[in-house]
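S.K.: As input, take data24.csv (CSV, C-alpha atoms):
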```csv
chain,number,residue,atom,x,y,z
I,2,MET,CA,6.7,135.4,35.5
I,3,THR,CA,6.9,134.6,31.8
I,4,PRO,CA,7.2,138.0,30.2
I,5,PRO,CA,4.0,138.8,28.5
I,6,VAL,CA,5.5,141.3,26.1
I,7,PRO,CA,5.4,139.9,22.6
I,8,GLU,CA,8.3,139.5,20.3
I,9,SER,CA,9.2,142.5,18.2
I,10,GLY,CA,6.7,142.9,15.4
I,11,GLU,CA,3.8,141.2,17.2
I,12,ARG,CA,1.0,143.5,18.3
I,13,SER,CA,-0.9,141.9,21.1
I,14,LEU,CA,-3.5,143.0,23.6
I,15,VAL,CA,-3.1,141.1,26.9
I,16,LEU,CA,-5.1,140.8,30.1
I,17,VAL,CA,-2.6,140.1,32.9
I,18,LEU,CA,-4.3,138.5,35.9
I,19,SER,CA,-2.5,139.1,39.1
I,20,ASP,CA,-2.5,138.3,42.7
I,21,PRO,CA,-3.3,141.4,44.7
I,22,LEU,CA,0.0,141.6,46.4
I,23,ARG,CA,2.0,141.2,43.2
I,24,VAL,CA,0.5,144.0,41.1
I,25,ARG,CA,3.4,146.3,41.6
I,26,GLU,CA,5.9,143.6,40.8
I,27,LYS,CA,4.0,142.7,37.6
I,28,ASN,CA,3.8,146.3,36.5
I,29,ILE,CA,7.6,146.6,36.9
I,30,GLU,CA,8.2,143.3,35.1
I,31,ILE,CA,6.1,144.4,32.1
I,32,ILE,CA,7.8,147.8,31.9
I,33,ARG,CA,11.3,146.2,32.2
I,34,GLN,CA,10.8,143.8,29.4
I,35,ALA,CA,9.0,146.3,27.1
I,36,ARG,CA,11.7,148.9,27.6
I,37,GLY,CA,14.4,146.3,27.3
I,38,ASP,CA,12.9,145.3,23.9
I,39,GLY,CA,12.9,148.9,22.8
I,40,TRP,CA,9.2,149.5,23.1
I,41,THR,CA,7.9,152.9,24.0
I,42,VAL,CA,5.4,152.5,26.8
I,43,VAL,CA,2.4,154.6,28.0
I,44,VAL,CA,1.5,153.9,31.6
I,45,LEU,CA,-2.1,154.8,32.3
I,46,THR,CA,-2.2,154.7,36.1
I,47,THR,CA,-5.4,154.8,38.1
I,48,SER,CA,-3.8,153.6,41.3
I,49,THR,CA,-0.2,154.7,41.9
I,50,PRO,CA,0.9,158.3,41.4
I,51,TYR,CA,3.4,159.0,38.6
I,52,SER,CA,6.1,160.2,40.9
I,53,ILE,CA,6.1,157.0,42.9
I,54,LEU,CA,5.9,154.8,39.8
I,55,LYS,CA,8.8,156.7,38.1
I,56,LYS,CA,11.0,156.1,41.2
I,57,ASP,CA,10.0,152.5,41.3
I,58,TYR,CA,11.2,152.0,37.7
I,59,GLU,CA,14.4,153.9,38.3
I,60,LYS,CA,15.1,151.9,41.4
I,61,ALA,CA,14.5,148.7,39.3
I,62,GLY,CA,17.1,149.9,36.9
I,63,ILE,CA,14.7,150.8,34.1
I,64,PRO,CA,15.4,154.0,32.3
I,65,THR,CA,12.3,156.2,32.2
I,66,ASP,CA,13.0,157.9,28.9
I,67,GLY,CA,10.7,156.2,26.5
I,68,ILE,CA,8.0,156.0,29.2
I,69,TYR,CA,5.0,158.3,29.1
I,70,PHE,CA,2.6,158.6,31.9
I,71,ILE,CA,-1.1,159.4,32.2
I,72,ASP,CA,-1.7,159.9,35.9
I,73,THR,CA,-5.3,160.0,37.0
I,74,VAL,CA,-4.8,160.2,40.8
I,75,THR,CA,-2.2,162.9,41.6
I,76,ARG,CA,-4.2,166.0,40.5
I,77,TYR,CA,-7.4,164.5,42.1
I,78,ALA,CA,-5.6,163.8,45.4
I,79,MET,CA,-3.6,167.0,45.7
I,80,GLY,CA,-5.8,169.5,43.8
I,81,SER,CA,-3.0,170.5,41.5
I,82,GLU,CA,-0.3,169.1,39.2
I,83,PRO,CA,3.3,168.8,40.5
I,84,ALA,CA,5.8,171.0,38.8
I,85,GLY,CA,8.5,169.6,36.7
I,86,ALA,CA,6.8,166.4,35.7
I,87,ALA,CA,8.2,165.3,32.3
I,88,ASN,CA,6.2,163.1,29.9
I,89,CYS,CA,3.2,163.0,32.1
I,90,TYR,CA,-0.4,164.1,31.5
I,91,PHE,CA,-2.4,164.6,34.7
I,92,VAL,CA,-6.1,163.8,34.4
I,93,SER,CA,-8.4,165.7,36.7
I,94,ASN,CA,-9.9,162.6,38.3
I,95,PRO,CA,-10.0,158.8,37.8
I,96,GLY,CA,-13.7,158.9,36.9
I,97,ASN,CA,-13.3,161.3,34.0
I,98,LEU,CA,-13.3,158.9,31.1
I,99,THR,CA,-13.6,161.6,28.5
I,100,GLU,CA,-10.5,163.3,29.7
I,101,MET,CA,-8.7,159.9,30.0
I,102,GLY,CA,-9.7,159.1,26.4
I,103,ILE,CA,-8.4,162.4,25.1
I,104,ALA,CA,-5.2,161.8,27.1
I,105,VAL,CA,-4.7,158.3,25.6
I,106,THR,CA,-5.4,159.5,22.1
I,107,GLY,CA,-3.2,162.5,22.4
I,108,THR,CA,-0.3,160.7,23.9
I,109,LEU,CA,-0.4,157.9,21.4
I,110,LYS,CA,-0.5,160.3,18.5
I,111,LYS,CA,2.5,162.3,19.7
I,112,ILE,CA,4.8,159.3,20.1
I,113,ASP,CA,7.2,158.6,17.3
I,114,GLY,CA,7.8,155.0,16.3
I,115,ASP,CA,5.6,152.0,15.8
I,116,GLN,CA,6.6,149.8,18.8
I,117,VAL,CA,4.3,151.3,21.3
I,118,SER,CA,2.5,149.7,24.2
I,119,ILE,CA,0.0,150.8,26.8
I,120,LEU,CA,0.0,149.5,30.3
I,121,LEU,CA,-3.2,150.1,32.3
I,122,ASP,CA,-2.7,149.7,36.1
I,123,SER,CA,-5.2,148.7,37.1
I,124,VAL,CA,-8.7,147.7,36.0
I,125,ASN,CA,-9.7,147.1,39.6
I,126,SER,CA,-8.8,150.5,40.8
I,127,MET,CA,-10.9,152.0,37.9
I,128,LEU,CA,-13.9,150.3,39.3
I,129,ILE,CA,-13.7,152.5,42.4
I,130,TYR,CA,-14.7,155.4,40.2
I,131,ILE,CA,-16.8,154.0,37.4
I,132,SER,CA,-19.4,151.3,37.0
I,133,SER,CA,-18.5,148.0,35.4
I,134,LYS,CA,-20.6,148.9,32.4
I,135,ASN,CA,-18.6,152.1,31.8
I,136,LEU,CA,-15.4,150.2,32.4
I,137,ILE,CA,-16.1,147.8,29.6
I,138,LYS,CA,-16.9,150.7,27.3
I,139,PHE,CA,-13.6,152.4,28.1
I,140,ILE,CA,-11.5,149.3,27.7
I,141,HIS,CA,-13.3,148.7,24.4
I,142,PHE,CA,-12.4,152.3,23.4
I,143,VAL,CA,-8.7,151.8,24.3
I,144,VAL,CA,-8.5,148.4,22.6
I,145,SER,CA,-10.1,149.8,19.4
I,146,LYS,CA,-7.7,152.7,19.4
I,147,LEU,CA,-4.7,150.3,19.9
I,148,ARG,CA,-5.9,148.0,17.1
I,149,ILE,CA,-6.3,150.8,14.6
I,150,MET,CA,-2.8,152.2,15.5
I,151,GLU,CA,-1.4,148.6,15.6
I,152,PHE,CA,0.0,149.1,19.1
I,153,SER,CA,0.1,146.7,22.0
I,154,GLY,CA,-1.6,146.9,25.3
I,155,PHE,CA,-1.5,145.3,28.8
I,156,PHE,CA,-4.4,145.5,31.2
I,157,LEU,CA,-3.5,144.6,34.8
I,158,VAL,CA,-6.4,142.9,36.7
I,159,VAL,CA,-6.6,141.5,40.2
I,160,GLU,CA,-8.6,138.5,39.2
I,161,LYS,CA,-10.4,137.8,42.5
I,162,GLY,CA,-11.8,141.3,42.6
I,163,ILE,CA,-13.7,141.1,39.3
I,164,ASP,CA,-17.1,139.7,38.8
I,165,PRO,CA,-16.8,136.6,36.5
I,166,SER,CA,-19.3,138.0,34.0
I,167,VAL,CA,-17.2,141.2,33.7
I,168,LEU,CA,-14.0,139.2,33.4
I,169,VAL,CA,-15.5,137.2,30.5
I,170,GLN,CA,-16.3,140.5,28.8
I,171,LEU,CA,-12.8,141.8,29.3
I,172,GLU,CA,-11.3,138.6,28.1
I,173,SER,CA,-13.3,138.8,24.9
I,174,LEU,CA,-11.8,142.2,24.1
I,175,VAL,CA,-8.1,141.1,24.2
I,176,ASP,CA,-6.0,138.6,22.3
I,177,GLU,CA,-4.5,136.8,25.2
I,178,VAL,CA,-5.0,136.2,28.9
I,179,ILE,CA,-2.0,135.6,31.2
I,180,ASP,CA,-2.7,134.2,34.6
I,181,GLN,CA,0.3,133.7,36.9
S,8,MET,CA,-65.4,121.7,31.0
S,9,ALA,CA,-66.7,125.3,30.6
S,10,LEU,CA,-65.8,128.1,32.9
S,11,GLU,CA,-68.4,129.1,35.4
S,12,THR,CA,-68.4,132.7,36.6
S,13,ASP,CA,-71.7,132.8,38.6
S,14,TYR,CA,-71.4,131.0,41.9
S,15,GLY,CA,-73.9,133.0,43.8
S,16,THR,CA,-75.7,129.7,44.7
S,17,LEU,CA,-72.5,128.2,46.2
S,18,PRO,CA,-74.1,126.8,49.3
S,19,GLN,CA,-76.3,124.6,47.1
S,20,CYS,CA,-73.5,123.8,44.7
S,21,SER,CA,-72.3,120.3,44.0
S,22,HIS,CA,-68.8,119.3,44.7
S,23,GLU,CA,-67.9,119.8,41.0
S,24,CYS,CA,-69.4,123.2,41.1
S,25,ILE,CA,-67.3,124.2,44.1
S,26,ILE,CA,-64.1,122.9,42.4
S,27,ARG,CA,-65.0,124.8,39.3
S,28,ALA,CA,-65.5,128.0,41.2
S,29,LEU,CA,-62.2,127.6,43.0
S,30,MET,CA,-60.4,127.1,39.7
S,31,VAL,CA,-62.0,130.1,38.1
S,32,ASP,CA,-61.1,132.5,40.8
S,33,ALA,CA,-57.8,131.0,41.9
S,34,ASN,CA,-55.0,133.6,41.9
S,35,VAL,CA,-52.8,131.2,39.9
S,36,TRP,CA,-52.9,130.1,36.3
S,37,ILE,CA,-54.8,126.8,36.0
S,38,SER,CA,-55.0,124.9,32.8
S,39,ILE,CA,-56.1,121.3,32.2
S,40,LEU,CA,-55.2,119.5,29.1
S,41,ASP,CA,-57.0,116.3,27.9
S,42,GLY,CA,-55.3,113.1,26.8
S,43,ASN,CA,-54.7,114.7,23.4
S,44,LYS,CA,-53.1,117.7,24.9
S,45,ARG,CA,-56.0,120.0,24.1
S,46,VAL,CA,-56.8,122.7,26.5
S,47,VAL,CA,-60.1,122.0,28.3
S,48,VAL,CA,-59.7,124.4,31.2
S,49,TRP,CA,-58.2,127.9,31.0
S,50,ASN,CA,-59.0,129.9,34.1
S,51,ARG,CA,-59.4,133.6,34.7
S,52,ALA,CA,-55.8,134.0,35.9
S,53,ALA,CA,-54.5,132.3,32.8
S,54,GLU,CA,-56.5,134.8,30.7
S,55,VAL,CA,-55.1,137.7,32.7
S,56,ILE,CA,-51.5,136.6,32.6
S,57,SER,CA,-51.4,135.4,29.0
S,58,GLY,CA,-53.8,137.9,27.5
S,59,TYR,CA,-55.5,135.1,25.7
S,60,SER,CA,-59.1,134.3,26.5
S,61,ALA,CA,-60.4,130.9,27.2
S,62,GLU,CA,-62.1,130.8,23.8
S,63,GLU,CA,-58.8,131.5,22.1
S,64,ALA,CA,-56.9,128.9,24.2
S,65,MET,CA,-59.3,126.1,24.4
S,66,GLY,CA,-59.3,123.3,21.8
S,67,GLU,CA,-56.3,122.5,19.7
S,68,SER,CA,-52.8,123.0,20.9
S,69,GLY,CA,-52.1,126.2,18.8
S,70,ILE,CA,-52.0,128.3,22.0
S,71,TRP,CA,-48.5,127.0,22.7
S,72,LYS,CA,-47.1,128.4,19.5
S,73,LEU,CA,-48.5,131.7,20.5
S,74,LEU,CA,-47.1,131.5,24.0
S,75,TYR,CA,-43.7,130.2,22.9
S,76,PRO,CA,-43.2,131.7,19.4
S,77,ASP,CA,-39.6,130.6,19.2
S,78,PRO,CA,-39.6,127.1,17.7
S,79,GLU,CA,-36.4,125.9,19.5
S,80,TYR,CA,-37.5,127.2,22.9
S,81,ARG,CA,-41.0,125.7,22.3
S,82,ARG,CA,-39.5,122.4,21.5
S,83,GLN,CA,-37.5,122.5,24.8
S,84,VAL,CA,-40.6,123.4,26.8
S,85,THR,CA,-42.9,120.9,25.3
S,86,GLY,CA,-40.3,118.2,25.5
S,87,ARG,CA,-40.1,118.7,29.2
S,88,ILE,CA,-43.9,118.8,29.6
S,89,ASN,CA,-44.2,115.6,27.5
S,90,GLU,CA,-42.4,113.8,30.3
S,91,VAL,CA,-45.5,114.2,32.3
S,92,PHE,CA,-47.4,112.2,29.7
S,93,THR,CA,-44.8,109.6,28.8
S,94,GLN,CA,-43.4,109.0,32.2
S,95,LYS,CA,-46.6,109.8,34.2
S,96,LYS,CA,-44.6,111.9,36.6
S,97,GLU,CA,-45.0,115.3,38.2
S,98,ILE,CA,-42.9,118.3,37.4
S,99,VAL,CA,-42.5,120.9,40.1
S,100,SER,CA,-41.2,124.4,39.8
S,101,PHE,CA,-40.4,124.2,36.2
S,102,GLN,CA,-39.9,127.8,34.9
S,103,THR,CA,-40.7,129.0,31.5
S,104,GLU,CA,-40.9,132.4,29.8
S,105,ILE,CA,-44.1,133.0,27.8
S,106,THR,CA,-44.9,135.7,25.3
S,107,THR,CA,-48.3,137.3,26.1
S,108,LYS,CA,-50.8,138.4,23.6
S,109,GLY,CA,-49.5,142.0,24.1
S,110,GLY,CA,-46.0,140.9,23.3
S,111,ASP,CA,-44.7,141.1,26.9
S,112,LYS,CA,-42.6,138.4,28.5
S,113,ARG,CA,-43.7,136.8,31.7
S,114,VAL,CA,-41.9,134.1,33.7
S,115,LEU,CA,-44.1,131.3,35.1
S,116,SER,CA,-43.2,128.6,37.6
S,117,TRP,CA,-45.2,125.5,36.8
S,118,ASN,CA,-46.3,122.5,38.8
S,119,THR,CA,-47.7,120.0,36.3
S,120,ARG,CA,-49.0,116.5,37.0
S,121,PRO,CA,-51.0,113.9,35.2
S,122,VAL,CA,-54.7,113.5,35.8
S,123,THR,CA,-56.1,110.0,35.5
S,124,GLY,CA,-59.1,109.5,33.3
S,125,GLU,CA,-62.0,107.1,33.6
S,126,SER,CA,-61.0,105.3,30.4
S,127,GLU,CA,-57.6,104.2,29.1
S,128,GLU,CA,-57.7,107.0,26.5
S,129,GLY,CA,-58.9,109.5,29.1
S,130,GLY,CA,-56.9,111.6,31.6
S,131,GLY,CA,-54.6,114.5,30.8
S,132,TYR,CA,-52.6,116.8,32.9
S,133,ILE,CA,-53.2,119.8,35.1
S,134,MET,CA,-50.9,122.8,35.0
S,135,VAL,CA,-50.7,125.3,37.8
S,136,GLY,CA,-48.6,128.3,37.0
S,137,ILE,CA,-47.5,131.1,39.3
S,138,ASP,CA,-46.4,134.3,37.7
S,139,VAL,CA,-42.9,134.9,39.1
S,140,THR,CA,-41.9,137.6,36.7
S,141,ARG,CA,-41.4,140.2,39.4
S,142,GLU,CA,-39.5,137.9,41.7
S,143,LYS,CA,-37.2,136.8,38.8
S,144,LYS,CA,-36.5,140.5,38.0
S,145,MET,CA,-35.8,141.2,41.6
S,146,GLN,CA,-33.5,138.2,41.8
S,147,GLU,CA,-31.6,139.4,38.7
S,148,GLU,CA,-31.3,142.9,40.2
S,149,ILE,CA,-30.0,141.5,43.4
S,150,TYR,CA,-27.4,139.4,41.6
S,151,ALA,CA,-26.4,142.5,39.6
S,152,TYR,CA,-26.2,144.5,42.8
S,153,LEU,CA,-24.1,141.9,44.6
S,154,GLY,CA,-21.7,141.6,41.7
S,155,GLU,CA,-21.3,145.4,41.4
S,156,ALA,CA,-21.1,145.8,45.2
S,157,ALA,CA,-18.3,143.3,45.4
S,158,MET,CA,-16.3,145.0,42.6
S,159,ARG,CA,-17.0,148.6,43.7
S,160,LEU,CA,-17.1,148.2,47.5
S,161,LYS,CA,-15.4,145.0,48.8
S,162,ASN,CA,-12.6,144.8,46.4
S,163,PRO,CA,-11.7,148.6,46.6
S,164,VAL,CA,-11.5,148.3,50.4
S,165,GLU,CA,-9.1,145.4,49.8
S,166,LEU,CA,-7.1,147.5,47.4
S,167,ILE,CA,-6.8,150.3,50.0
S,168,ARG,CA,-5.7,147.7,52.6
S,169,ASP,CA,-3.1,146.4,50.2
S,170,SER,CA,-1.9,149.9,49.3
S,171,LEU,CA,-1.6,150.9,52.9
S,172,SER,CA,0.3,147.7,53.6
S,173,ASP,CA,2.7,148.5,50.7
S,174,LEU,CA,3.1,152.1,52.0
S,175,SER,CA,3.8,150.8,55.5
S,176,GLN,CA,6.6,148.6,54.0
S,177,ARG,CA,8.0,151.5,52.0
S,178,VAL,CA,8.2,153.7,55.1
S,179,ALA,CA,9.8,150.9,57.1
S,180,THR,CA,12.5,150.4,54.5
S,181,GLN,CA,12.7,154.2,53.9
S,182,GLU,CA,11.9,153.7,50.3
S,183,ILE,CA,9.5,156.6,50.1
S,184,SER,CA,9.9,160.4,50.6
S,185,GLU,CA,7.6,162.3,52.9
S,186,GLU,CA,6.1,164.1,49.9
S,187,ASP,CA,5.3,160.9,48.1
S,188,LEU,CA,3.9,159.4,51.3
S,189,VAL,CA,1.5,162.3,51.8
S,190,LEU,CA,0.5,162.0,48.1
S,191,ALA,CA,-0.1,158.3,48.4
S,192,LEU,CA,-2.1,158.6,51.6
S,193,ARG,CA,-4.3,161.3,50.0
S,194,VAL,CA,-5.0,159.0,47.1
S,195,GLN,CA,-6.2,156.3,49.4
S,196,GLN,CA,-8.3,158.9,51.3
S,197,LYS,CA,-9.9,159.9,48.0
S,198,ASN,CA,-10.5,156.2,47.3
S,199,ALA,CA,-12.2,155.7,50.6
S,200,ASP,CA,-14.4,158.8,50.0
S,201,ARG,CA,-15.4,157.4,46.7
S,202,ILE,CA,-16.3,154.0,48.2
S,203,VAL,CA,-18.7,155.7,50.6
S,204,GLU,CA,-20.3,157.4,47.7
S,205,ASN,CA,-20.5,154.1,45.8
S,206,LEU,CA,-22.3,152.5,48.7
S,207,ARG,CA,-24.8,155.4,48.8
S,208,GLU,CA,-25.5,155.1,45.0
S,209,LEU,CA,-25.9,151.3,45.2
S,210,ASN,CA,-28.3,151.7,48.2
S,211,GLU,CA,-30.3,154.2,46.2
S,212,MET,CA,-30.5,151.8,43.3
S,213,VAL,CA,-31.9,149.1,45.7
S,214,ALA,CA,-34.4,151.6,47.2
S,215,LEU,CA,-35.6,152.5,43.7
S,216,SER,CA,-36.0,148.9,42.7
S,217,PHE,CA,-38.2,147.9,45.5
S,218,SER,CA,-41.3,150.2,45.3
S,219,ASP,CA,-42.9,148.6,48.4
S,220,MET,CA,-39.9,149.1,50.7
S,221,PRO,CA,-40.8,151.0,53.9
S,222,GLY,CA,-40.3,154.7,53.4
S,223,ALA,CA,-38.0,155.1,56.5
S,224,LEU,CA,-35.6,152.5,55.2
S,225,LYS,CA,-35.6,154.0,51.7
S,226,GLU,CA,-34.7,157.4,53.2
S,227,PHE,CA,-31.9,155.8,55.4
S,228,LEU,CA,-30.4,154.1,52.4
S,229,ARG,CA,-30.3,157.3,50.4
S,230,ARG,CA,-28.4,159.2,53.1
```
Would it be possible to restate this file's structure as structure tokens?
M.R.:
Amino acid sequence: MTPPVPESGERSLVLVLSDPLRVREKNIEIIRQARGDGWTVVVLTTSTPYSILKKDYEKAGIPTDGIYFIDTVTRYAMGSEPAGAANCYFVSNPGNLTEMGIAVTGTLKKIDGDQVSILLDSVNSMLIYISSKNLIKFIHFVVSKLRIMEFSGFFLVVEKGIDPSVLVQLESLVDEVIDQ
Amino acid sequence: MALETDYGTLPQCSHECIIRALMVDANVWISILDGNKRVVVWNRAAEVISGYSAEEAMGESGIWKLLYPDPEYRRQVTGRINEVFTQKKEIVSFQTEITTKGGDKRVLSWNTRPVTGESEEGGGYIMVGIDVTREKKMQEEIYAYLGEAAMRLKNPVELIRDSLSDLSQRVATQEISEEDLVLALRVQQKNADRIVENLRELNEMVALSFSDMPGALKEFLRR
């Protein structure tokens, strides 16, 4: 996969279209390159728990300092937050967009540095909990926030699981679409 | 041709009288235009659907500016209708959206064909329009439902399937702790619960959209 992370200094918002069985691989690839280039990354996960993602990154040889997590599934699934989670905000449930928005804003604000990127994994799993209309609103909110703060963003999408009219709306919100 | 509303003497009516009565009370919009594209017949259904009376519609072609106020759209519609005149052909199931006198939008499906006249300058065309506004709305709602259903039902089921396949692989290669496995499985269980709820909500939306759906079916969809 051609790494989608832009050169240092470029702020880009990218829709990354993925085959369903390669989402985990693409997630790791984006994080690997972003961290390799010195970017601080915020992973907003609506599919894989923080604890599993963190171990995936460590197993792939990616240092996890410099990675912040917003985990929307663990607390919802287990009823509580795990103890000892560092650099992770646990949202009560994946459909709580207000709390997710606060988590995104709060996390971005507390990060030092100007090379910051968000990775949303994934757009499709968000649709389990919210309508396509609210999805577009939330993505628009995140994109606006990133543009104001001049940060980058990657939105992972399993292409075949998105209605074409919704995909068109998502594509209109970003700078670039990568389809591999 | 004037509009007749009294056909109490139908059995003694002439052929023309019968035709006139049928056109007046037909459940579909019937307009006839003469060779100069002036409205000469505007039946009761046309009045009801458009909101414009026969008196307002008959005569010069100003009625089309009222029904199609947007100039570009009007140009497209009249261009298509003109094919009937210039090419002497029939147009079937041509849909247009009109603006009624009350400002509402209605979608009509038109069958339009030339009518031959007795003289070379005579003739015109007959337009039969069926109001398909409700059907069109239902069609759009069905499309929206299908799109949303695919994104919020079918695809999530596939996501669960792919996640379970991934978990199965992690277990086989001992890549995942018991604690993380339990967590991951509970996430998928929650996803499945949510999909059931999504199906219920979408079914409720369908039940609300179709007011004439049998009550028992509506109740079943809402469960």
S.K.: For chain S, which residues have at least one atom within 7 Å of chain I, if we go by only C-alpha atoms? Write them as a CSV table (one decimal) with C-alpha atoms, in the coordinates of the input, please.
M.R.:
```csv
chain,number,residue,atom,x,y,z
S,154,GLY,CA,-21.7,141.6,41.7
S,158,MET,CA,-16.3,145.0,42.6
S,159,ARG,CA,-17.0,148.6,43.7
S,162,ASN,CA,-12.6,144.8,46.4
S,163,PRO,CA,-11.7,148.6,46.6
S,169,ASP,CA,-3.1,146.4,50.2
S,187,ASP,CA,5.3,160.9,48.1
S,190,LEU,CA,0.5,162.0,48.1
S,193,ARG,CA,-4.3,161.3,50.0
S,194,VAL,CA,-5.0,159.0,47.1
S,197,LYS,CA,-9.9,159.9,48.0
S,198,ASN,CA,-10.5,156.2,47.3
S,201,ARG,CA,-15.4,157.4,46.7
S,202,ILE,CA,-16.3,154.0,48.2
```
S.K.: Quick one: everything within 7 Å of range 57-71 of chain S, counting only C-alpha atoms, minus sequence neighbours fewer than 4 positions away in the same chain. Send it as JSON, numbers by chain.
M.R.: {"S": [44, 45, 46, 47, 49, 53, 75, 107, 108, 109]}
S.K.: Residues at most 10 Å from Gly131 in chain S, counting only C-alpha atoms, excluding those fewer than 6 positions away in the same chain, as a ChimeraX atom specification?
M.R.: /S:39-47,91-92,95,120-124
S.K.: Residues within 9 Å of Phe155 in chain I, please, as a ChimeraX atom specification. Count all atoms listed in the file; anything in the same chain fewer than 5 positions from it doesn't count.
M.R.: /I:5-6,13-17,31,118-122
S.K.: The residues within 12 Å of (8.6, 146.6, 29.4), using only C-alpha atoms and the coordinates of the file, should be reported as number ranges by chain; which are they?
M.R.: I: 4-9, 27-44, 58, 61-65, 67-68, 116-120, 153-155
S.K.: Would you work out the distance separating CA of Tyr80 in chain S from CA of Phe101 in chain S, expressed in Å to one decimal?
M.R.: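 We find that CA of Tyr80 in chain S and CA of Phe101 in chain S lie 13.9 Å from each other.
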S.K.: Between CA of Gln94 in chain S and CA of Arg82 in chain S, what is the distance, to one decimal in Å?
M.R.: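 One can read the CA of Gln94 in chain S to CA of Arg82 in chain S distance as 17.6 Å.
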S.K.: If I take CA of Ile56 in chain S and CA of Lys144 in chain S, how far is one from the other in Å, to one decimal?
M.R.: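 If I compute the distance from CA of Ile56 in chain S to CA of Lys144 in chain S, I get 16.4 Å.
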S.K.: Step by step: start from the point (-38.4, 127.1, 40.9) in the file's coordinates, keep every protein, DNA or RNA residue that has an atom no farther than 9 Å from it, count all atoms listed in the file, and write the set as a JSON list (two decimals) with C-alpha atoms, keeping the file's coordinate frame.
M.R.:
```
[["chain", "number", "residue", "atom", "x", "y", "z"],
["S", 99, "VAL", "CA", -42.50, 120.90, 40.10],
["S", 100, "SER", "CA", -41.20, 124.40, 39.80],
["S", 101, "PHE", "CA", -40.40, 124.20, 36.20],
["S", 102, "GLN", "CA", -39.90, 127.80, 34.90],
["S", 116, "SER", "CA", -43.20, 128.60, 37.60],
["S", 117, "TRP", "CA", -45.20, 125.50, 36.80]]
```
S.K.: Return the single residue from S:Met212, S:Ile183, S:Val189, S:Met30 that is closest to Val135 in chain S, with distances computed using all atoms listed in the file.
M.R.: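 Closest residue, counting all atoms listed in the file: S:Met30.
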S.K.: Compile the contact shell of range 143-149 of chain I as a PDB file with C-alpha atoms, keeping the file's coordinate frame: residues with an atom at most 8 Å away, counting all atoms listed in the file, same-chain residues fewer than 6 positions apart removed.
M.R.:
```pdb
ATOM      1  CA  LEU I  14      -3.500 143.000  23.600  1.00  0.00           C
ATOM      2  CA  GLY I 102      -9.700 159.100  26.400  1.00  0.00           C
ATOM      3  CA  VAL I 105      -4.700 158.300  25.600  1.00  0.00           C
ATOM      4  CA  THR I 106      -5.400 159.500  22.100  1.00  0.00           C
ATOM      5  CA  LEU I 174     -11.800 142.200  24.100  1.00  0.00           C
ATOM      6  CA  VAL I 175      -8.100 141.100  24.200  1.00  0.00           C
TER       7      VAL I 175
END
```
S.K.: Neighbouring residues of Met134 in chain S were defined as those with any atom within 6 Å, considering only C-alpha atoms; residues of the same chain fewer than 6 positions away were excluded. Please report them as a PyMOL selection string.
M.R.: chain S and resi 37-38+118-119
